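Enquirer: Got a file for you: run-v9.cif, mmCIF, C-alpha atoms and all ligand atoms.
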```
data_coords
loop_
_atom_site.label_atom_id
_atom_site.label_comp_id
_atom_site.auth_asym_id
_atom_site.auth_seq_id
_atom_site.Cartn_x
_atom_site.Cartn_y
_atom_site.Cartn_z
CA MET F 1 155.56 -89.29 108.79
CA ALA F 2 153.99 -86.96 111.34
CA ASP F 3 157.27 -85.77 112.85
CA GLY F 4 159.49 -86.62 109.89
CA PRO F 5 160.48 -84.45 106.95
CA LEU F 6 157.82 -83.50 104.41
CA ILE F 7 160.16 -84.47 101.58
CA ARG F 8 162.82 -87.14 101.60
CA PHE F 9 165.20 -88.07 98.80
CA GLU F 10 166.73 -91.37 99.79
CA ARG F 11 169.91 -92.27 97.89
CA VAL F 12 168.47 -91.01 94.62
CA THR F 13 170.42 -91.49 91.41
CA LYS F 14 169.26 -90.52 87.92
CA ARG F 15 171.07 -91.76 84.84
CA PHE F 16 170.36 -90.73 81.27
CA ASP F 17 171.95 -93.67 79.40
CA THR F 18 175.41 -93.75 80.95
CA PHE F 19 175.41 -90.09 82.06
CA ILE F 20 174.81 -89.59 85.77
CA ALA F 21 172.73 -86.42 86.20
CA VAL F 22 171.97 -86.95 89.92
CA ASP F 23 174.39 -89.05 91.94
CA ASP F 24 173.28 -90.75 95.17
CA VAL F 25 171.50 -87.77 96.71
CA SER F 26 169.96 -88.02 100.18
CA LEU F 27 168.13 -84.93 101.35
CA ASP F 28 165.34 -84.06 103.80
CA ILE F 29 163.16 -80.94 103.50
CA ALA F 30 160.89 -79.97 106.38
CA GLU F 31 157.33 -78.68 106.13
CA GLY F 32 157.20 -74.88 105.71
CA GLU F 33 160.73 -74.46 104.41
CA PHE F 34 161.67 -72.18 101.54
CA PHE F 35 164.28 -74.51 100.13
CA THR F 36 166.47 -73.64 97.15
CA LEU F 37 168.48 -75.91 94.87
CA LEU F 38 171.46 -73.95 93.59
CA GLY F 39 174.33 -74.82 91.32
CA PRO F 40 175.98 -74.24 87.96
CA SER F 41 174.30 -75.16 84.70
CA GLY F 42 174.02 -78.92 84.26
CA CYS F 43 174.62 -79.79 87.94
CA GLY F 44 171.37 -81.78 88.15
CA LYS F 45 169.16 -79.41 90.14
CA THR F 46 166.28 -79.38 87.65
CA THR F 47 166.41 -83.16 87.35
CA LEU F 48 166.12 -83.43 91.14
CA LEU F 49 163.11 -81.08 91.12
CA ARG F 50 161.49 -83.02 88.27
CA MET F 51 161.83 -86.25 90.24
CA LEU F 52 159.93 -84.57 93.05
CA ALA F 53 157.23 -83.48 90.61
CA GLY F 54 156.98 -86.95 89.07
CA LEU F 55 158.20 -85.72 85.67
CA GLU F 56 161.28 -87.99 85.89
CA MET F 57 161.69 -91.34 87.64
CA PRO F 58 164.84 -92.06 89.64
CA THR F 59 167.07 -94.81 88.29
CA GLU F 60 167.82 -95.78 91.89
CA GLY F 61 166.63 -94.68 95.30
CA ARG F 62 163.30 -93.48 96.67
CA VAL F 63 161.37 -90.21 96.88
CA TRP F 64 159.05 -89.75 99.87
CA ILE F 65 156.45 -87.02 100.35
CA ASP F 66 154.76 -86.80 103.72
CA GLY F 67 155.79 -90.32 104.60
CA VAL F 68 154.37 -91.85 101.41
CA ASP F 69 156.65 -93.50 98.88
CA MET F 70 156.05 -91.41 95.74
CA THR F 71 159.00 -92.72 93.73
CA THR F 72 156.87 -93.93 90.83
CA ALA F 73 153.64 -91.97 91.43
CA PRO F 74 152.46 -89.90 88.44
CA PRO F 75 152.49 -86.07 88.81
CA ASN F 76 148.73 -85.76 89.40
CA LYS F 77 148.87 -88.17 92.34
CA ARG F 78 151.40 -86.05 94.21
CA PRO F 79 150.52 -83.18 96.57
CA VAL F 80 152.79 -80.85 94.60
CA ASN F 81 152.34 -78.15 92.02
CA MET F 82 154.94 -76.64 89.72
CA VAL F 83 155.58 -73.10 88.49
CA PHE F 84 157.69 -73.16 85.37
CA GLN F 85 160.31 -70.80 83.97
CA SER F 86 158.14 -69.75 81.07
CA TYR F 87 154.98 -68.64 82.80
CA ALA F 88 152.54 -71.19 81.49
CA VAL F 89 149.38 -69.11 81.28
CA PHE F 90 146.61 -69.55 78.71
CA PRO F 91 146.60 -66.50 76.42
CA HIS F 92 142.88 -66.74 75.57
CA LEU F 93 141.67 -66.84 79.20
CA ASN F 94 141.52 -63.82 81.45
CA VAL F 95 143.45 -63.74 84.72
CA ALA F 96 140.61 -65.08 86.91
CA ASP F 97 139.83 -67.90 84.47
CA ASN F 98 143.51 -68.80 84.25
CA VAL F 99 143.66 -69.09 88.02
CA ALA F 100 140.36 -71.00 88.15
CA TYR F 101 141.41 -73.47 85.46
CA GLY F 102 142.81 -76.20 87.73
CA LEU F 103 139.83 -76.00 90.07
CA ARG F 104 137.45 -76.33 87.12
CA ILE F 105 139.26 -79.49 86.01
CA ASP F 106 138.93 -80.81 89.58
CA ARG F 107 135.19 -79.95 89.47
CA VAL F 108 135.34 -77.70 92.50
CA PRO F 109 131.85 -76.12 92.87
CA LYS F 110 131.55 -72.55 91.61
CA PRO F 111 131.04 -70.71 94.92
CA GLU F 112 134.14 -72.34 96.43
CA ARG F 113 136.05 -71.84 93.19
CA ASP F 114 135.24 -68.13 93.09
CA ALA F 115 136.25 -67.69 96.74
CA ARG F 116 139.56 -69.49 96.25
CA VAL F 117 140.37 -67.59 93.06
CA ALA F 118 139.66 -64.28 94.82
CA GLU F 119 141.89 -65.32 97.72
CA ALA F 120 144.73 -66.35 95.40
CA LEU F 121 144.49 -63.09 93.42
CA ARG F 122 144.56 -61.12 96.65
CA LEU F 123 147.66 -63.01 97.71
CA VAL F 124 149.57 -62.09 94.55
CA LYS F 125 148.05 -58.57 94.48
CA LEU F 126 146.20 -59.01 91.21
CA GLU F 127 142.59 -58.43 92.35
CA GLU F 128 142.33 -55.41 90.04
CA PHE F 129 143.48 -57.40 87.05
CA ALA F 130 141.02 -60.31 87.24
CA HIS F 131 139.43 -59.52 83.87
CA ARG F 132 142.56 -58.72 81.89
CA LYS F 133 144.04 -61.06 79.33
CA PRO F 134 147.66 -62.15 79.80
CA ASP F 135 148.87 -60.01 76.88
CA GLN F 136 147.63 -56.94 78.77
CA LEU F 137 149.95 -57.73 81.68
CA SER F 138 153.60 -57.09 82.39
CA GLY F 139 156.06 -59.98 82.73
CA GLY F 140 155.97 -59.73 86.51
CA GLN F 141 152.17 -59.75 86.55
CA ARG F 142 152.05 -62.79 84.27
CA GLN F 143 154.44 -64.57 86.60
CA ARG F 144 152.09 -63.78 89.48
CA VAL F 145 149.19 -65.30 87.55
CA ALA F 146 151.24 -68.48 87.20
CA LEU F 147 151.94 -68.40 90.92
CA ALA F 148 148.28 -67.85 91.81
CA ARG F 149 147.32 -70.70 89.50
CA ALA F 150 149.63 -73.04 91.37
CA LEU F 151 148.72 -71.81 94.85
CA VAL F 152 144.98 -71.90 94.32
CA LYS F 153 145.18 -75.71 94.29
CA ARG F 154 146.59 -75.61 97.82
CA PRO F 155 149.48 -77.97 97.24
CA ARG F 156 151.57 -79.20 100.17
CA VAL F 157 154.65 -78.36 98.14
CA LEU F 158 155.16 -75.70 95.49
CA LEU F 159 157.97 -76.39 93.05
CA LEU F 160 159.50 -73.41 91.29
CA ASP F 161 161.82 -73.87 88.33
CA GLU F 162 163.82 -70.64 87.81
CA PRO F 163 160.58 -68.68 88.35
CA LEU F 164 162.15 -65.26 87.97
CA SER F 165 164.59 -65.90 85.14
CA ALA F 166 162.48 -64.26 82.43
CA LEU F 167 162.15 -60.99 84.35
CA ASP F 168 164.48 -58.01 84.11
CA ALA F 169 166.95 -57.37 86.93
CA LYS F 170 164.94 -54.75 88.79
CA LEU F 171 161.74 -56.77 88.72
CA ARG F 172 163.54 -59.93 89.76
CA GLU F 173 164.72 -58.20 92.88
CA ALA F 174 161.25 -56.91 93.70
CA MET F 175 159.70 -60.33 93.07
CA ARG F 176 162.26 -61.97 95.36
CA SER F 177 160.89 -60.31 98.45
CA GLU F 178 157.31 -60.73 97.23
CA LEU F 179 157.78 -64.45 96.72
CA ALA F 180 159.32 -64.75 100.18
CA ALA F 181 156.42 -62.76 101.68
CA ILE F 182 153.85 -64.94 99.90
CA GLN F 183 155.56 -68.08 101.14
CA ASP F 184 155.49 -66.64 104.64
CA GLN F 185 151.76 -65.97 104.39
CA VAL F 186 150.64 -69.28 102.93
CA GLY F 187 153.15 -71.45 104.81
CA VAL F 188 153.35 -73.85 101.85
CA THR F 189 156.71 -75.59 101.45
CA PHE F 190 158.57 -74.03 98.51
CA VAL F 191 161.33 -75.85 96.64
CA MET F 192 162.95 -73.55 94.10
CA VAL F 193 165.63 -74.20 91.49
CA THR F 194 167.92 -71.36 90.52
CA HIS F 195 171.43 -70.83 89.22
CA ASP F 196 171.42 -67.29 90.65
CA GLN F 197 173.12 -67.35 94.02
CA ASP F 198 171.83 -63.93 95.11
CA GLU F 199 168.32 -65.16 94.48
CA ALA F 200 168.90 -68.45 96.28
CA LEU F 201 170.50 -66.84 99.29
CA ALA F 202 168.03 -63.95 99.54
CA MET F 203 164.94 -66.13 99.75
CA ALA F 204 165.94 -69.49 101.16
CA SER F 205 165.62 -70.74 104.68
CA ARG F 206 168.00 -73.48 103.53
CA CYS F 207 169.88 -74.04 100.36
CA ALA F 208 171.44 -77.10 98.72
CA LEU F 209 174.44 -76.35 96.56
CA MET F 210 175.00 -78.99 93.86
CA ASN F 211 177.85 -79.79 91.52
CA ARG F 212 178.09 -82.64 88.98
CA GLY F 213 175.02 -84.37 90.34
CA THR F 214 176.11 -84.38 93.96
CA LEU F 215 175.17 -82.31 96.98
CA GLN F 216 178.11 -80.20 98.08
CA GLN F 217 176.51 -78.62 101.15
CA VAL F 218 173.02 -78.18 102.56
CA ALA F 219 172.76 -75.26 104.97
CA PRO F 220 171.17 -71.89 105.70
CA PRO F 221 172.55 -69.14 103.42
CA GLY F 222 174.79 -67.57 106.08
CA ASP F 223 176.46 -70.90 106.80
CA LEU F 224 177.20 -71.51 103.12
CA TYR F 225 178.95 -68.15 102.99
CA GLU F 226 180.80 -68.21 106.32
CA TYR F 227 181.36 -71.94 106.79
CA PRO F 228 181.76 -73.48 103.33
CA ALA F 229 182.25 -77.24 103.47
CA ASN F 230 184.74 -77.38 100.62
CA ARG F 231 186.52 -75.37 97.95
CA PHE F 232 183.70 -75.61 95.47
CA VAL F 233 181.24 -74.04 97.92
CA ALA F 234 183.72 -71.34 99.00
CA ASP F 235 184.39 -70.42 95.37
CA PHE F 236 180.80 -70.60 94.14
CA ILE F 237 179.21 -68.50 96.88
CA GLY F 238 180.32 -64.87 96.77
CA THR F 239 183.88 -63.72 96.13
CA ILE F 240 186.84 -65.14 98.01
CA ASN F 241 190.63 -64.91 97.93
CA MET F 242 191.72 -68.54 97.88
CA VAL F 243 195.32 -69.78 98.05
CA GLU F 244 196.88 -73.19 98.48
CA GLY F 245 199.25 -73.88 101.35
CA SER F 246 200.11 -76.18 104.19
CA LEU F 247 199.60 -76.14 107.93
CA SER F 248 202.78 -75.17 109.73
CA LEU F 249 201.08 -75.25 113.10
CA ASP F 250 197.83 -76.86 114.14
CA GLU F 251 196.77 -76.72 117.76
CA PRO F 252 193.28 -76.95 119.28
CA ASP F 253 192.84 -73.16 119.51
CA GLN F 254 195.09 -71.83 116.77
CA ALA F 255 196.71 -72.78 113.50
CA ALA F 256 198.96 -71.21 110.88
CA VAL F 257 199.05 -71.76 107.15
CA ILE F 258 202.11 -71.10 105.00
CA SER F 259 201.42 -70.42 101.35
CA PRO F 260 203.84 -69.62 98.54
CA ALA F 261 201.20 -67.18 97.30
CA LEU F 262 201.47 -65.04 100.45
CA ASP F 263 204.43 -63.37 102.10
CA VAL F 264 203.06 -63.86 105.63
CA PRO F 265 201.66 -66.88 107.42
CA VAL F 266 197.91 -66.89 107.86
CA TRP F 267 196.97 -67.30 111.51
CA VAL F 268 193.55 -68.63 112.41
CA ASP F 269 191.85 -68.75 115.79
CA HIS F 270 190.92 -72.44 115.72
CA GLY F 271 192.48 -75.82 115.15
CA VAL F 272 192.03 -77.44 111.73
CA THR F 273 192.87 -81.14 111.55
CA GLY F 274 195.30 -81.84 114.34
CA ALA F 275 197.70 -83.03 111.61
CA ARG F 276 200.62 -80.75 110.79
CA ALA F 277 201.75 -80.05 107.25
CA ALA F 278 198.52 -81.26 105.64
CA PRO F 279 197.85 -79.56 102.30
CA VAL F 280 195.05 -77.03 102.71
CA TRP F 281 193.31 -74.15 100.99
CA VAL F 282 192.84 -70.92 102.86
CA GLY F 283 190.16 -68.43 101.85
CA ILE F 284 189.61 -64.85 102.95
CA ARG F 285 186.57 -62.85 101.90
CA PRO F 286 187.32 -59.37 100.47
CA GLU F 287 185.22 -57.54 103.06
CA LYS F 288 187.12 -59.15 105.93
CA ILE F 289 190.40 -57.53 104.90
CA THR F 290 191.10 -54.10 106.36
CA MET F 291 193.02 -51.78 104.07
CA ILE F 292 194.64 -48.49 105.01
CA PRO F 293 196.93 -46.28 102.97
CA GLN F 294 200.63 -46.25 103.83
CA VAL F 295 201.79 -42.82 104.91
CA ALA F 296 205.35 -41.55 104.94
CA ASP F 297 205.51 -40.88 108.67
CA ARG F 298 204.38 -44.39 109.60
CA PRO F 299 206.58 -46.61 107.41
CA ALA F 300 206.62 -49.51 109.90
CA GLY F 301 202.91 -50.10 109.70
CA PRO F 302 199.99 -48.79 111.65
CA ALA F 303 199.77 -49.41 115.36
CA ALA F 304 196.06 -50.08 114.94
CA MET F 305 196.80 -53.29 113.04
CA PRO F 306 197.69 -56.53 114.79
CA HIS F 307 201.14 -57.94 114.03
CA ALA F 308 199.95 -61.26 112.69
CA ASN F 309 198.08 -61.32 109.39
CA VAL F 310 199.50 -58.01 108.20
CA THR F 311 200.99 -57.51 104.77
CA GLN F 312 201.41 -54.71 102.29
CA GLY F 313 200.74 -54.17 98.64
CA VAL F 314 199.94 -51.79 95.84
CA ILE F 315 196.51 -51.12 94.41
CA VAL F 316 196.37 -52.21 90.78
CA ARG F 317 192.69 -51.68 90.03
CA SER F 318 189.49 -50.57 91.69
CA ALA F 319 185.81 -50.82 90.85
CA TYR F 320 183.25 -48.48 92.36
CA LEU F 321 180.08 -50.50 93.03
CA GLY F 322 177.88 -47.98 94.82
CA GLY F 323 177.69 -49.30 98.35
CA GLN F 324 181.26 -50.60 98.21
CA THR F 325 184.47 -50.32 96.23
CA LEU F 326 186.30 -53.48 95.22
CA TYR F 327 190.09 -53.12 95.08
CA GLU F 328 192.67 -55.46 93.62
CA VAL F 329 195.90 -55.25 95.57
CA GLU F 330 199.16 -56.86 94.44
CA ILE F 331 201.38 -58.09 97.25
CA ALA F 332 205.14 -58.89 97.13
CA THR F 333 204.61 -62.46 95.88
CA GLY F 334 202.72 -61.16 92.85
CA THR F 335 199.41 -62.49 94.19
CA VAL F 336 196.50 -60.11 93.67
CA LEU F 337 194.09 -59.97 96.62
CA LYS F 338 190.55 -58.64 96.34
CA VAL F 339 189.64 -56.20 99.09
CA SER F 340 186.28 -54.50 99.46
CA GLN F 341 185.60 -51.36 101.41
CA ALA F 342 182.15 -50.14 102.33
CA ASN F 343 181.48 -46.61 101.08
CA GLY F 344 180.42 -44.21 103.79
CA ALA F 345 177.60 -41.73 103.92
CA ARG F 346 177.21 -40.09 100.50
CA ASP F 347 180.85 -40.43 99.67
CA ALA F 348 181.29 -40.04 95.93
CA SER F 349 185.07 -39.67 96.11
CA PRO F 350 186.98 -42.03 93.84
CA GLY F 351 188.73 -43.75 96.80
CA LEU F 352 192.36 -44.79 96.74
CA PRO F 353 194.02 -44.55 93.32
CA ALA F 354 195.86 -47.28 91.43
CA GLY F 355 199.51 -47.26 92.46
CA ALA F 356 198.76 -46.38 96.10
CA ALA F 357 200.72 -48.39 98.66
CA VAL F 358 198.51 -49.93 101.34
CA TRP F 359 198.61 -52.05 104.47
CA LEU F 360 196.34 -55.07 104.55
CA SER F 361 195.29 -57.03 107.60
CA TRP F 362 192.65 -59.48 108.67
CA PRO F 363 191.69 -60.89 112.06
CA PRO F 364 192.45 -64.55 112.85
CA GLY F 365 188.71 -65.27 112.84
CA ALA F 366 188.41 -64.26 109.17
CA PRO F 367 190.10 -67.00 107.13
CA VAL F 368 188.41 -70.26 106.31
CA VAL F 369 190.77 -73.24 106.08
CA LEU F 370 189.70 -76.15 103.92
CA VAL F 371 191.52 -79.44 103.94
CA GLY F 372 192.35 -81.18 100.64
P1 LIG F 401 170.41 -75.71 84.07
O1 LIG F 401 170.62 -74.67 85.11
O2 LIG F 401 171.28 -75.47 82.86
O3 LIG F 401 168.99 -75.99 83.76
P2 LIG F 401 170.53 -78.06 85.78
O4 LIG F 401 171.46 -78.04 86.92
O5 LIG F 401 169.10 -77.81 86.08
O6 LIG F 401 171.05 -77.07 84.67
P3 LIG F 401 169.66 -80.57 84.71
O7 LIG F 401 168.64 -80.00 83.79
O8 LIG F 401 169.19 -81.25 85.93
O9 LIG F 401 170.73 -79.46 85.09
O10 LIG F 401 170.58 -81.56 83.87
C1 LIG F 401 171.65 -82.26 84.46
C2 LIG F 401 172.40 -82.99 83.36
O11 LIG F 401 171.57 -84.03 82.86
C3 LIG F 401 172.76 -82.10 82.20
O12 LIG F 401 174.06 -82.42 81.77
C4 LIG F 401 171.74 -82.46 81.14
O13 LIG F 401 172.27 -82.33 79.86
C5 LIG F 401 171.42 -83.90 81.46
N1 LIG F 401 170.03 -84.22 81.10
C6 LIG F 401 168.92 -83.67 81.63
N2 LIG F 401 167.80 -84.19 81.08
C7 LIG F 401 168.24 -85.12 80.19
C8 LIG F 401 167.55 -86.02 79.28
N3 LIG F 401 166.23 -86.07 79.23
N4 LIG F 401 168.34 -86.81 78.52
C9 LIG F 401 169.69 -86.78 78.59
N5 LIG F 401 170.37 -85.95 79.41
C10 LIG F 401 169.66 -85.13 80.19
#
```
Please rewrite the model in this file as structure tokens.
Expert:
Amino acid sequence: MADGPLIRFERVTKRFDTFIAVDDVSLDIAEGEFFTLLGPSGCGKTTLLRMLAGLEMPTEGRVWIDGVDMTTAPPNKRPVNMVFQSYAVFPHLNVADNVAYGLRIDRVPKPERDARVAEALRLVKLEEFAHRKPDQLSGGQRQRVALARALVKRPRVLLLDEPLSALDAKLREAMRSELAAIQDQVGVTFVMVTHDQDEALAMASRCALMNRGTLQQVAPPGDLYEYPANRFVADFIGTINMVEGSLSLDEPDQAAVISPALDVPVWVDHGVTGARAAPVWVGIRPEKITMIPQVADRPAGPAAMPHANVTQGVIVRSAYLGGQTLYEVEIATGTVLKVSQANGARDASPGLPAGAAVWLSWPPGAPVVLVG
């Protein structure tokens, strides 16, 4: 499949007895992508990855790698290699021998083996540690050994099953950019499973979000966040204020949603369905809401705010998160909206207090309207 995708899942279903773990999934992954499979626990992402590795067989459908039907091929006949959650390194072998292990099994001659091991260790920045045993390494270093061991075999596809989950938060973050940099350098196609959305979004060129065995949306990270395909995606990715309502107006270049949860209509700068009064969900991200304190001499609302999409409320709670503060603001209907404000240059002030009356507004380009 010279011009086709490197990986193709074609209507793949996996049943365990009567339970459907993966439900009619079709998905193409191109050569060189850093692709992530994201979703809540039990959504089927690991099962999908294992079918790519040959560790599970689909009940229905086909799995193609590089144009070859690999649906029933055993793991060792596939051009893939897997890095597991628990870094599978041999405790009795030193780092270099761990990395060389697969090449030894493949009877790669020693000079080539040594050169490839050195290259792999350089890639994961472990040249200095070649003679150490795994128990003399940190968790992050052991994970790099596992990575080098997989990469040294020069697979077309590297499969990563929650590769960073055993690391502490700080190290996970550091390893995120390292993994992305390594992928950039080697150009090998990476397919990674994670339930951590920050991780998935930070590293992926494209991401598939799964729920209950089905693909909900496959898109670059920014599109998942800004253009969610449905409520599940909007809710799962990031934080969003989501209310149910109906379209009171729906024209090609503008629409309005009325919701019992809000005391103002929500205007948007695009048409939605062309069908009036359809039930919809409208979502607004916290950082897209502008909040300013109400002051006594401007009781009618600030001139700086547009008339549409303006409401008022009272701060009930706030959380200082370093770079931003997240406020919860109760409006007249009793609905509590989340509003985030970026904190300015070295501003350690506590921000607006609970009980403060505020104006809220958002531009008509901010809300996402989801039908059904
Ligand atoms: P997690 O993040 O918790 O690992 P996941 O999204 O990777 O979840 P899978 O491991 O793919 O989920 O499992 C999907 C569903 O299939 C789960 O409900 C799981 O219990 C079930 N399942 C997986 N493997 C088997 C098996 N060998 N036998 C029976 N059920 C299984």
Enquirer: Find the nearest atom pair between each residue of chain F and ligand LIG 401 (chain F) for residues within 7 Å, count only C-alpha atoms and all ligand atoms, give distances in Å to one decimal, sort rows by chain and ascending number, and present the table as CSV.
Expert:
```
residue,atom,partner,partner_atom,distance
F:Phe16,CA,F:LIG401,C9,4.8
F:Ala21,CA,F:LIG401,O11,4.3
F:Gly39,CA,F:LIG401,O4,6.2
F:Pro40,CA,F:LIG401,O4,6.0
F:Ser41,CA,F:LIG401,O2,3.5
F:Gly42,CA,F:LIG401,O9,3.4
F:Cys43,CA,F:LIG401,O4,3.8
F:Gly44,CA,F:LIG401,O8,3.2
F:Lys45,CA,F:LIG401,O4,4.2
F:Thr46,CA,F:LIG401,O5,3.6
F:Thr47,CA,F:LIG401,O8,3.7
F:Leu48,CA,F:LIG401,O8,6.4
F:Thr194,CA,F:LIG401,O1,6.9
F:His195,CA,F:LIG401,O1,5.7
```
Enquirer: Find the residues near range 165-177 of chain F: any atom within 7 Å, counting only C-alpha atoms, skip ones fewer than 2 places away on the same chain, and give them as a PyMOL selection string.
Expert: chain F and resi 85+139-140+162-163+179-181+199+203
Enquirer: Could you tell me, as a list in words, which residues have any atom at most 10 Å from (188.3, -62.8, 106.0), counting only C-alpha atoms?
Expert: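 Nearby residues: Glu226, Ile240, Asn241, Val282, Gly283, Ile284, Arg285, Pro286, Glu287, Lys288, Ile289, Thr290, Val339, Ser361, Trp362, Pro363, Pro364, Gly365, Ala366, Pro367 and Val368 of chain F.
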Enquirer: Could you tell me which of F:Ser246, F:Asn309, F:Gln217, F:Gln341 comes closest to Gly322 in chain F if we count only C-alpha atoms?
Expert: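 The answer is F:Gln341, which sits nearest to Gly322 in chain F.
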Enquirer: Dig up all the protein and nucleic acid residues within 9 Å of (144.4, -74.4, 95.0) in the file frame, using all atoms listed in the file, and format them as a PDB file with C-alpha atoms, keeping the file's coordinate frame.
Expert:
```
ATOM      1  CA  VAL F  99     143.660 -69.090  88.020  1.00  0.00           C
ATOM      2  CA  ALA F 100     140.360 -71.000  88.150  1.00  0.00           C
ATOM      3  CA  GLY F 102     142.810 -76.200  87.730  1.00  0.00           C
ATOM      4  CA  LEU F 103     139.830 -76.000  90.070  1.00  0.00           C
ATOM      5  CA  ARG F 113     136.050 -71.840  93.190  1.00  0.00           C
ATOM      6  CA  ARG F 116     139.560 -69.490  96.250  1.00  0.00           C
ATOM      7  CA  VAL F 117     140.370 -67.590  93.060  1.00  0.00           C
ATOM      8  CA  ALA F 120     144.730 -66.350  95.400  1.00  0.00           C
ATOM      9  CA  ALA F 148     148.280 -67.850  91.810  1.00  0.00           C
ATOM     10  CA  ARG F 149     147.320 -70.700  89.500  1.00  0.00           C
ATOM     11  CA  ALA F 150     149.630 -73.040  91.370  1.00  0.00           C
ATOM     12  CA  LEU F 151     148.720 -71.810  94.850  1.00  0.00           C
ATOM     13  CA  VAL F 152     144.980 -71.900  94.320  1.00  0.00           C
ATOM     14  CA  LYS F 153     145.180 -75.710  94.290  1.00  0.00           C
ATOM     15  CA  ARG F 154     146.590 -75.610  97.820  1.00  0.00           C
ATOM     16  CA  PRO F 155     149.480 -77.970  97.240  1.00  0.00           C
TER      17      PRO F 155
END
```
Enquirer: Neighbours of Glu178 in chain F within 12 Å (all atoms listed in the file; same-chain residues fewer than 6 positions away dropped), as a list in words?
Expert: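 Here the qualifying residues turn out to be Leu123, Val124, Lys125, Gly140, Gln141, Gln143, Arg144, Leu147, Leu164, Leu171, Arg172, Asp184, Gln185, Ala202 and Met203 of chain F.
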